Every structure is written in C-alpha cells, then in structure tokens.
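Asks: Okay, here's the structure, questions in a sec.
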Amino acid sequence: MSERLARLAVIGTLAGVFSGLFGIGGGTVIVPLLILWMAYGEREATGTSLAAIAVIAALAAGAHALYGNVDLVAALMIGLPAVGGVLAGTALQQRIPERAVSAVFAALLVASAVALVL
Amino acid sequence: MEALDLAGLLLIGFFAGMLGGLVGVGGGVLFVPGLVIFLGESQLEAEGTSLLAMVFVAVVGAVRQGGYGNLRLRDGLVVGALSPIGVAAGTVLANNVPERTLQVCFAVLQLYLAYGLARRALRSPTPSRGANG
C-alpha cells in the first residue's frame, strides 16, 4: 500500500471512529487532516470532505433506517433549505481567501472540543 | 406544527447547509439540535434523520465544488469507503475504554488540529495551489 493510500485509510478510519462514537460528522477530522497531512488546499479539502461525508452519511443513514430512526419528511424539511444553504456556502467560499477557511475551521474545532468535554 | 417551528426548522437547515458548504462538514452539528427543538424528535431519531439530510448537503456540495475544480473524487471515496472500519473500531473502543477518556483524547486531538490550522491561517496569505497535485 502506498503511503498516500495509507494516509487516506487512517483519515477514513478516524472519521468513522468520530462519527460512530460521538455522532459528529467525519468532516471535523477529514478537512484538517487533508490540509495538514496531505497538503490539500482549503477549497479542495472541503470539496473532497463532502464527497467522503456523502458515503459515510449514506451508509450510516441506511443503518439507522433499518431500526426505523429515519424520518424522510423531516429530512426533506430540514434538508431542502440546507441544499440552498450549501449552494450559498460554496459560492461564498470561492470569494474569500483560502486561509480564512482554515481560521473559521480552527474556531469550529475549538468549539467542538469544548462541547465534547463539557 | 406551528409556523414558528417550521420557520426555525427552515432557517437552521439553511445555516447548516451554509456551514457545510463553507467549511466542508455535513451540518449534523446543527441538524440534530434543530430536529430535537423544532420537531420534538428523540436524540436517536434526530441523528438518523440528520444523516439523511447530510447526504443531500454532501452530494450537492461535492458536485458544486467539483464544478469549481475543488474535488478529488477518488480520495474522497477512499476516505468514505474506509470509514466503516473506524465505526467498528469505535464500537470496540466504546466498550473497552471509559467514555470520559475517549472524550478527552478526541478533544485534545481536535485542539491539536485547531492549532495546526490556526498557525497556517496566520503564517502566510499565499496559498500554493496545485503545488502538491
């Protein structure tokens, strides 16, 4: 296995551990690790993270659906405005400096760490 | 369902998606409390429902970023496909390590990553795009 593939494997595994243990989407670890460990630019890291999350969330949602824990109507009610939001968010992201994304993400990680411990 | 709850749900959905697009997360951090507060779902139900909503956000966001040239699809799919190993490992951890220990360890990891990103953000305003393709 190439070192590159090994690193992707570690990132995927860590993302799975996070989402399995704490219900946090893997994004909070995928984005920083792609940037800091695989020399991704911020925009590439967030785009690639979303592709990974699509797979992770689809698998996990499928598992939850088996236990009857997925409300399709509610998912549409909150998910459709979210699709509008993600279009706005990605468009906005193209217009701000890449380093600003790192700064926002650092703040998000601190907040998440505090929430985890409290 | 009251109009105010519906408005809250739509608003929090929009902001969750916006956060997702901006920083590349799924938005679950806002979906779950939104579903609990405005729809009265249980925590477990909210997590399941949130995951489905995250699929919508992640697919649309990834396609959109692909259009901007910011998607390495193969890497993303590898990370996603290997995550079930992590979920299984997480289950083993949860059954063998005290929850408090896990929370502290992962909080420390997050703070370490925050430190790395903050240093990067402060260091230089010149991104080297494509240098590591």
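Within each chain, counting starts at residue 1; across the structure tokens, chains are named A, B, ... in the order shown, with ligands numbered 1 upward in that order.
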Please run DSSP on the backbone and report, as an NGL selection string, all residues within chain A that come out as alpha helix (DSSP H).
Replies: :A and (3-22 or 27-38 or 42-66 or 72-93 or 98-117)
Asks: Show which residues sit within 9 Å of A:Leu33, as a list in words. Count only C-alpha atoms, and ignore same-chain residues fewer than 5 positions away.
Replies: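 Residues meeting the cut-off are Ile11, Met38, Ala39, Tyr40 and Ala45 of chain A; Leu113 of chain B.
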Asks: Using N, CA and C atoms, can you write the selected residues to a file as a PDB file, in the first residue's frame?
Replies:
ATOM      1  N   ILE A  11      -7.252   8.512   7.713  1.00  0.00           N
ATOM      2  CA  ILE A  11      -8.239   9.589   7.800  1.00  0.00           C
ATOM      3  C   ILE A  11      -9.659   9.019   7.784  1.00  0.00           C
ATOM      4  N   MET A  38      -1.907  16.036   4.074  1.00  0.00           N
ATOM      5  CA  MET A  38      -1.822  15.651   2.668  1.00  0.00           C
ATOM      6  C   MET A  38      -1.652  16.845   1.746  1.00  0.00           C
ATOM      7  N   ALA A  39      -1.346  17.997   2.361  1.00  0.00           N
ATOM      8  CA  ALA A  39      -1.017  19.199   1.598  1.00  0.00           C
ATOM      9  C   ALA A  39      -2.119  19.643   0.639  1.00  0.00           C
ATOM     10  N   TYR A  40      -3.377  19.391   1.038  1.00  0.00           N
ATOM     11  CA  TYR A  40      -4.504  19.893   0.267  1.00  0.00           C
ATOM     12  C   TYR A  40      -4.658  21.394   0.493  1.00  0.00           C
ATOM     13  N   ALA A  45      -9.878  20.555   0.094  1.00  0.00           N
ATOM     14  CA  ALA A  45     -10.128  19.720   1.280  1.00  0.00           C
ATOM     15  C   ALA A  45     -11.616  19.685   1.605  1.00  0.00           C
TER      16      ALA A  45
ATOM     17  N   LEU B 113      -5.410  19.836  16.055  1.00  0.00           N
ATOM     18  CA  LEU B 113      -5.701  20.172  14.660  1.00  0.00           C
ATOM     19  C   LEU B 113      -6.039  21.661  14.535  1.00  0.00           C
TER      20      LEU B 113
END
Asks: Kindly indicate which residue among B:Ala89, B:Leu102, B:Met54, B:Leu39 lies nearest to A:Leu80, using only C-alpha atoms for the distances.
Replies: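 Smallest separation from A:Leu80 among the options: B:Met54.
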Asks: I'd like the contact shell of B:Ala7 - 12 Å cut-off, only C-alpha atoms, skipping same-chain residues fewer than 3 positions apart - returned as a ChimeraX atom specification.
Replies: /A:77-78,81 /B:1-4,10-14,34,38-39
Asks: Could you turn the residues from that selection into a file that holds C-alpha atoms, as an mmCIF file, in the first residue's frame?
Replies:
data_model
loop_
_atom_site.group_PDB
_atom_site.id
_atom_site.type_symbol
_atom_site.label_atom_id
_atom_site.label_comp_id
_atom_site.auth_asym_id
_atom_site.auth_seq_id
_atom_site.Cartn_x
_atom_site.Cartn_y
_atom_site.Cartn_z
ATOM 1 C CA MET A 77 -37.980 19.713 5.570
ATOM 2 C CA ILE A 78 -34.554 20.462 7.033
ATOM 3 C CA PRO A 81 -33.271 24.539 2.811
ATOM 4 C CA MET B 1 -46.728 22.016 13.767
ATOM 5 C CA GLU B 2 -46.688 25.754 14.346
ATOM 6 C CA ALA B 3 -45.469 28.302 11.804
ATOM 7 C CA LEU B 4 -42.723 29.389 14.159
ATOM 8 C CA LEU B 10 -36.054 26.002 7.587
ATOM 9 C CA LEU B 11 -33.684 28.605 8.994
ATOM 10 C CA ILE B 12 -31.469 26.160 10.875
ATOM 11 C CA GLY B 13 -31.443 23.907 7.793
ATOM 12 C CA PHE B 14 -30.238 26.769 5.644
ATOM 13 C CA GLY B 34 -32.799 21.630 15.084
ATOM 14 C CA PHE B 38 -38.403 22.282 16.397
ATOM 15 C CA LEU B 39 -39.837 18.832 15.594
#
Asks: Restricting the calculation to only C-alpha atoms, which member of B:Ala118, B:Val97, B:Val57, B:Val79 is positioned closest to B:Leu22?
Replies: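 The answer is B:Val57, which sits nearest to B:Leu22.
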Asks: In Å to one decimal, how far is atom CA of A:Ala15 from atom CA of B:Asn96?
Replies: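 Answer for the atom CA of B:Asn96 to atom CA of A:Ala15 separation: 19.3 Å.
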Asks: Tell me which of B:Gly80, B:Phe31, B:Arg64, B:Gln103 sits closest to B:Thr49, counting only C-alpha atoms.
Replies: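 When distances to B:Thr49 are compared using only C-alpha atoms, the smallest one comes from B:Phe31.
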Asks: A:Thr28: which residues within 9 Å, counting only C-alpha atoms, same-chain residues fewer than 4 positions away excluded, as a list in words?
Replies: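 Counting only the stated atoms, we get Ala15, Phe18, Ile24, Pro32, Phe105, Leu108, Leu109 and Ser112 of chain A; Gly24, Val25 and Gln110 of chain B.
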Asks: Just write the chosen residues, N, CA and C atoms, as a CSV table (one decimal), in the first residue's frame.
Replies:
chain,number,residue,atom,x,y,z
A,15,ALA,N,-12.3,9.2,10.8
A,15,ALA,CA,-13.6,9.9,10.6
A,15,ALA,C,-14.7,8.9,11.1
A,18,PHE,N,-14.9,8.8,14.9
A,18,PHE,CA,-15.6,10.1,15.4
A,18,PHE,C,-17.1,10.0,15.2
A,24,ILE,N,-20.6,12.9,15.6
A,24,ILE,CA,-20.1,14.1,14.9
A,24,ILE,C,-19.8,13.6,13.5
A,32,PRO,N,-9.3,19.1,8.3
A,32,PRO,CA,-7.9,19.4,8.8
A,32,PRO,C,-6.8,18.4,8.5
A,105,PHE,N,-12.3,27.2,10.5
A,105,PHE,CA,-12.3,25.8,10.9
A,105,PHE,C,-11.6,25.6,12.3
A,108,LEU,N,-14.1,26.4,14.8
A,108,LEU,CA,-15.1,25.4,14.9
A,108,LEU,C,-14.6,24.2,15.7
A,109,LEU,N,-13.3,23.8,15.5
A,109,LEU,CA,-12.7,22.7,16.2
A,109,LEU,C,-12.6,23.0,17.7
A,112,SER,N,-16.0,22.6,19.2
A,112,SER,CA,-16.4,21.2,19.2
A,112,SER,C,-15.6,20.5,20.3
B,24,GLY,N,-16.9,22.5,4.7
B,24,GLY,CA,-16.8,21.1,4.3
B,24,GLY,C,-17.2,20.1,5.3
B,25,VAL,N,-18.2,20.5,6.2
B,25,VAL,CA,-18.8,19.5,7.1
B,25,VAL,C,-20.2,19.2,6.7
B,110,GLN,N,-8.6,17.3,18.6
B,110,GLN,CA,-9.3,18.5,17.9
B,110,GLN,C,-8.5,19.8,18.1
Asks: Counting only C-alpha atoms, what is within 7 Å of A:Ala51, bar same-chain residues fewer than 5 positions away, as a ChimeraX atom specification?
Replies: /B:58-59,62,73,76-77
Asks: Keeping N, CA and C atoms, export the residues of the selection given above as a PDB file, in the first residue's frame.
Replies:
ATOM      1  N   ALA B  58     -24.145  16.908   1.322  1.00  0.00           N
ATOM      2  CA  ALA B  58     -22.807  16.476   0.908  1.00  0.00           C
ATOM      3  C   ALA B  58     -22.749  16.213  -0.596  1.00  0.00           C
ATOM      4  N   VAL B  59     -23.800  15.594  -1.130  1.00  0.00           N
ATOM      5  CA  VAL B  59     -23.794  15.303  -2.568  1.00  0.00           C
ATOM      6  C   VAL B  59     -23.815  16.613  -3.370  1.00  0.00           C
ATOM      7  N   ALA B  62     -20.516  18.542  -2.887  1.00  0.00           N
ATOM      8  CA  ALA B  62     -19.368  17.932  -3.570  1.00  0.00           C
ATOM      9  C   ALA B  62     -19.457  18.163  -5.083  1.00  0.00           C
ATOM     10  N   LEU B  73     -12.237  13.337  -6.284  1.00  0.00           N
ATOM     11  CA  LEU B  73     -13.292  12.353  -6.035  1.00  0.00           C
ATOM     12  C   LEU B  73     -12.744  11.024  -5.521  1.00  0.00           C
ATOM     13  N   GLY B  76     -11.784  11.181  -1.910  1.00  0.00           N
ATOM     14  CA  GLY B  76     -12.983  11.294  -1.078  1.00  0.00           C
ATOM     15  C   GLY B  76     -13.694   9.967  -0.935  1.00  0.00           C
ATOM     16  N   LEU B  77     -13.778   9.230  -2.036  1.00  0.00           N
ATOM     17  CA  LEU B  77     -14.464   7.939  -1.988  1.00  0.00           C
ATOM     18  C   LEU B  77     -13.667   6.929  -1.160  1.00  0.00           C
TER      19      LEU B  77
END
Asks: Have a look at B:Leu93, B:Gly61, B:Pro33, B:Phe106 and name the one nearest to B:Leu19; count only C-alpha atoms.
Replies: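 Result for the nearest residue to B:Leu19: B:Gly61.
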Asks: Which residue, B:Val55, B:Leu6, B:Val60, B:Ala16, has the smallest gap to B:Ile37 when you use only C-alpha atoms?
Replies: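 With only C-alpha atoms as the atom set, the closest residue is B:Leu6.
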Asks: Could you check which of B:Asn70, B:Leu30, B:Glu45, B:Phe56 is closest to A:Gln93, using only C-alpha atoms?
Replies: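 Closest to A:Gln93, using only C-alpha atoms: B:Asn70.
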